[in-house]
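Right, one structure below, let's go through it.
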Amino acid sequence: MRMKELSLRQDPDLRKELALLARGCDFVLPSRFKKRLRAFHAEQGQAGPHQTSPATKFPMDTNPPSLDQTGLAKSVKSEAPVPTALSESIPKFYFPRGRPKANLNIDGLIAKIEKIFSQFPNERATIEDMGKVAKACECPLYWKAPLFNSAGGDRTGFVSVHKFVAMWRKMLQTCHDDVSKFVHLLAKPGCNYLEQEDFIPFLQDVVNSHAGLAFLKEASDFHSRYITTVAQRIFYNVNRSWSGRISCSELRKSSFLQNVALLEQEEDVNQLTEFFSYEHFYVIYCKFWELDTDHDLYIDQRDLARHNDQAISHKMIERIFSGTVTRRLRKDGRLSYADFVWFLISEEDKKTDTSIEYWFRCMDLDGDGVLSMYELEYFYEEQCVKLETMAIEPLPFEDCLCQMLDLVKPEVEGKITLRDLKQCKLSHIFYDTFFNIEKYLDHEQKDPFSVEAETEGQEISDWEKYAAEEYDILVAEETTTDQYNDG
Ligand SMILES: [Ca+2]
Ligand SMILES: [Ca+2]
């Protein structure tokens, strides 16, 4: 902490930026949002599927059965035509674009939209009018920019009633749930998945028009950084296949669209801790800024090694830069801000599936899907040297290995798989033992099984806890600096 305080005070640029950013951020506990989300779910459960108001429509309501959809799609297509009698007796059960609603009155829905357009001059809607149009379409408010752009509004600055109705009629006929509608509004023509850049116009509109981000309006430099952060968090949480393309089925399994719907009701974006929290962005960005001394938004291995006072081993830093967990490694081998978002969240919360996969990829040197004894020893060696320089006697590797195998209990003796680590619930202790000396020593002071009990009832994630604490510290530092300057 001492190092950080110094760097914050000595950097006048950062001080100015922090002051600007800190304005408008009242500190709130992320757990409040969790409660809200639960209440929201409960409410949804009570209201029948036909009574849900458009603002709080849940994609979950129209979910197809959670079967292995891709596998089914293939087998359905490749099989010989089913005899008529049989095909009549089996109702259709695979709905990649959602289950069609019986008695959907498309003409009635279109008439409602036409009525809204009749209020606008020349029956043309600008982006400012699109909130009303989104509501007439029975969509969450923040679908407005995707609706606008899908009807060509981004090219002409407005959408005519004819263009919009044609687009929306086709959508109603082909996409039967919120997930498939959202994907088709944002995706490039002919694509049934979302890539990172597809989210940018949607997120830019959130920045432009959400009351909770109004203070960011003037600081246009930060728009793209906030947007980058949120886009990375979306992929971190939703794109479970690591493919860089979010499919309808991945989106259905996530809570992203619920969060988009909540943007409409929640004036404080900091309550939306999973994706949109400004405070979380603020913490990630400040942590990056401290490392990125020349502020070109890229960091090299030496920069990243300074994170948390050299807590992470050099061998691990090297692995992070090896390209195994990054999509966009530059030619000169430096890490972008986007990659840092993945790193920090994984480093501060080693219990989520994405994080467990992130570190597994790093430790699996030969990429064979198994952590072998050789790979564990490779990382442990550096930890021993580090402990010795701190005058702490390290456990011999064999003893450490016994402890770790006890902790993880691999299905096949001596071979640790991703599945083992996800099942053991103590992956954070395992990982920190091999590459984070500071956290390793912290864990050493606790009994791992009491830690397990403690985690059971945990309401907020390790990441949320970290972000809340760090935000507090950053704001306190800012206040101190202000007083120091004023006095
Ligand atoms: Ca740099
Ligand atoms: Ca391996």
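Identifiers in this document derive from the order of the structure tokens: chains are assigned A, B, ..., residues are numbered from 1 separately in each chain, and ligands are numbered from 1 in order of occurrence.
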*Residue neighbourhood A:Met404, 12 Å, only C-alpha atoms, exclusion window fewer than 5 positions, as a count of residues only*: 27
*Selection as a VMD selection string: residues within 10 Å of ligand 2 by only C-alpha atoms and all ligand atoms*: chain A and resid 360 to 376 415 to 417
*Could the residues that lie within 8 Å of ligand 1, counting only C-alpha atoms and all ligand atoms, be listed as JSON, numbers by chain?*
{"A": [291, 292, 293, 294, 295, 296, 297, 298, 299, 300, 303]}
Please produce a file of the residues just selected, as a short mmCIF file (atom, residue, chain, number, x, y, z; two decimals), in the first residue's frame, where the atoms kept are N, CA and C atoms.
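To be explicit, this is the file written out as part04.cif:
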```cif
data_model
loop_
_atom_site.label_atom_id
_atom_site.label_comp_id
_atom_site.auth_asym_id
_atom_site.auth_seq_id
_atom_site.Cartn_x
_atom_site.Cartn_y
_atom_site.Cartn_z
N LEU A 291 0.66 0.42 -13.06
CA LEU A 291 1.67 -0.42 -13.70
C LEU A 291 2.12 0.17 -15.04
N ASP A 292 1.19 0.80 -15.73
CA ASP A 292 1.47 1.33 -17.07
C ASP A 292 2.09 2.71 -16.94
N THR A 293 3.38 2.76 -16.58
CA THR A 293 4.00 4.03 -16.20
C THR A 293 4.04 5.04 -17.36
N ASP A 294 4.16 4.57 -18.60
CA ASP A 294 4.18 5.55 -19.70
C ASP A 294 2.78 5.80 -20.29
N HIS A 295 1.80 5.16 -19.71
CA HIS A 295 0.39 5.40 -20.06
C HIS A 295 0.07 5.24 -21.55
N ASP A 296 0.66 4.24 -22.17
CA ASP A 296 0.29 3.97 -23.57
C ASP A 296 -0.71 2.81 -23.65
N LEU A 297 -1.22 2.43 -22.48
CA LEU A 297 -2.24 1.37 -22.37
C LEU A 297 -1.72 -0.03 -22.69
N TYR A 298 -0.39 -0.19 -22.67
CA TYR A 298 0.18 -1.54 -22.78
C TYR A 298 1.21 -1.72 -21.67
N ILE A 299 1.34 -2.95 -21.20
CA ILE A 299 2.36 -3.21 -20.17
C ILE A 299 3.21 -4.41 -20.57
N ASP A 300 4.47 -4.38 -20.12
CA ASP A 300 5.35 -5.51 -20.40
C ASP A 300 5.51 -6.36 -19.14
N ASP A 303 6.47 -4.55 -15.96
CA ASP A 303 5.36 -3.76 -15.40
C ASP A 303 4.43 -4.67 -14.59
#
```
*Run DSSP on the backbone of this structure and report the residues of stretch 78-168 of chain A it assigns to strand (DSSP E), as a PyMOL selection string.*
chain A and resi 124-125+159-160
Taking C-alpha atoms for each residue, export the selection above as a PDB file, in the first residue's frame.
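Final file, out.pdb:
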```pdb
ATOM      1  CA  ARG A 124     -39.001   9.276 -38.317  1.00  0.00           C
ATOM      2  CA  ALA A 125     -37.332   8.403 -35.020  1.00  0.00           C
ATOM      3  CA  VAL A 159     -35.165   5.496 -38.847  1.00  0.00           C
ATOM      4  CA  SER A 160     -38.379   5.729 -40.832  1.00  0.00           C
TER       5      SER A 160
END
```
*Could you write out, as number ranges by chain, all the residues of stretch 233-469 of chain A that DSSP marks as helix (DSSP H, G or I)?*
A: 233-238, 248-253, 256-265, 269-271, 278-291, 301-305, 314-320, 337-348, 353-363, 373-389, 397-408, 418-424, 427-435, 437-444, 448-456, 462-469
Using only C-alpha atoms, find each residue of stretch 249-332 of chain A with at least one atom at most 12 Å away from an atom of stretch 456-479 of chain A; report its shortest atom-to-atom pair and that distance in Å (one decimal), sort the rows by chain and rising residue number, and return the result as JSON lines.
```
{"residue": "A:Asn270", "atom": "CA", "partner": "A:Ala468", "partner_atom": "CA", "distance": 10.3}
{"residue": "A:Gln271", "atom": "CA", "partner": "A:Glu464", "partner_atom": "CA", "distance": 11.0}
{"residue": "A:Leu272", "atom": "CA", "partner": "A:Glu464", "partner_atom": "CA", "distance": 10.9}
{"residue": "A:Thr273", "atom": "CA", "partner": "A:Glu464", "partner_atom": "CA", "distance": 7.3}
{"residue": "A:Glu274", "atom": "CA", "partner": "A:Glu464", "partner_atom": "CA", "distance": 8.7}
{"residue": "A:Phe275", "atom": "CA", "partner": "A:Glu464", "partner_atom": "CA", "distance": 11.4}
{"residue": "A:Ser277", "atom": "CA", "partner": "A:Ala467", "partner_atom": "CA", "distance": 10.1}
{"residue": "A:Tyr278", "atom": "CA", "partner": "A:Tyr471", "partner_atom": "CA", "distance": 10.3}
{"residue": "A:Glu279", "atom": "CA", "partner": "A:Tyr471", "partner_atom": "CA", "distance": 6.6}
{"residue": "A:His280", "atom": "CA", "partner": "A:Ala467", "partner_atom": "CA", "distance": 5.8}
{"residue": "A:Phe281", "atom": "CA", "partner": "A:Ala467", "partner_atom": "CA", "distance": 9.1}
{"residue": "A:Tyr282", "atom": "CA", "partner": "A:Tyr471", "partner_atom": "CA", "distance": 7.5}
{"residue": "A:Val283", "atom": "CA", "partner": "A:Tyr471", "partner_atom": "CA", "distance": 5.9}
{"residue": "A:Ile284", "atom": "CA", "partner": "A:Ala467", "partner_atom": "CA", "distance": 8.2}
{"residue": "A:Tyr285", "atom": "CA", "partner": "A:Tyr471", "partner_atom": "CA", "distance": 11.1}
{"residue": "A:Cys286", "atom": "CA", "partner": "A:Leu474", "partner_atom": "CA", "distance": 8.4}
{"residue": "A:Lys287", "atom": "CA", "partner": "A:Glu470", "partner_atom": "CA", "distance": 9.4}
{"residue": "A:Glu290", "atom": "CA", "partner": "A:Leu474", "partner_atom": "CA", "distance": 11.9}
```
_Need the shell around A:Asn239: protein/DNA/RNA residues with any atom at most 10 Å away, counting only C-alpha atoms. Skip same-chain ones fewer than 6 positions apart. Format as a PyMOL selection string?_
chain A and resi 194-195+232-233+245-247+249-251+254+354
*Can you pull out every residue within 10 Å of A:Ile227, counting only C-alpha atoms, but drop anything in the same chain fewer than 3 positions away, and send it as a PyMOL selection string?*
chain A and resi 199-204+206-207+222-224+230-233+276+281
Could you list, as a PDB file with C-alpha atoms, in the first residue's frame, every residue within 12 Å of A:Thr156, counting only C-alpha atoms and ignoring same-chain residues fewer than 6 positions away?
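Full text of out_35.pdb as output:
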```
ATOM      1  CA  ARG A 124     -39.001   9.276 -38.317  1.00  0.00           C
ATOM      2  CA  ALA A 125     -37.332   8.403 -35.020  1.00  0.00           C
ATOM      3  CA  THR A 126     -33.963   9.754 -33.865  1.00  0.00           C
ATOM      4  CA  ILE A 127     -31.871   7.915 -31.287  1.00  0.00           C
ATOM      5  CA  PHE A 148     -31.977   1.889 -33.982  1.00  0.00           C
ATOM      6  CA  ASN A 149     -28.831   0.540 -35.626  1.00  0.00           C
ATOM      7  CA  SER A 150     -30.511  -2.618 -36.860  1.00  0.00           C
ATOM      8  CA  LYS A 163     -37.779   0.557 -42.353  1.00  0.00           C
TER       9      LYS A 163
END
```
*Write out as number ranges by chain the residues lying within 10 Å of A:Glu382, counting only C-alpha atoms and excluding same-chain residues fewer than 6 positions away.*
A: 313-316, 388, 434-435, 437
Can those selected residues be exported to a file as a short mmCIF file (atom, residue, chain, number, x, y, z; two decimals), in the first residue's frame so that it contains N, CA and C atoms?
```cif
data_model
loop_
_atom_site.label_atom_id
_atom_site.label_comp_id
_atom_site.auth_asym_id
_atom_site.auth_seq_id
_atom_site.Cartn_x
_atom_site.Cartn_y
_atom_site.Cartn_z
N SER A 313 4.82 -14.84 -9.09
CA SER A 313 6.14 -15.34 -9.49
C SER A 313 6.49 -14.97 -10.92
N HIS A 314 7.78 -14.89 -11.20
CA HIS A 314 8.23 -14.54 -12.55
C HIS A 314 7.84 -15.60 -13.55
N LYS A 315 7.91 -16.86 -13.10
CA LYS A 315 7.54 -17.94 -14.02
C LYS A 315 6.08 -17.79 -14.45
N MET A 316 5.23 -17.40 -13.53
CA MET A 316 3.82 -17.22 -13.88
C MET A 316 3.63 -15.99 -14.76
N GLU A 388 12.87 -18.47 1.01
CA GLU A 388 14.19 -18.44 1.66
C GLU A 388 14.72 -17.02 1.78
N PHE A 434 1.39 -22.11 -5.66
CA PHE A 434 2.37 -22.26 -6.73
C PHE A 434 2.83 -20.95 -7.37
N PHE A 435 2.10 -19.86 -7.16
CA PHE A 435 2.62 -18.64 -7.80
C PHE A 435 2.31 -17.31 -7.11
N ILE A 437 3.05 -15.61 -3.57
CA ILE A 437 3.68 -15.82 -2.26
C ILE A 437 2.89 -15.12 -1.16
#
```
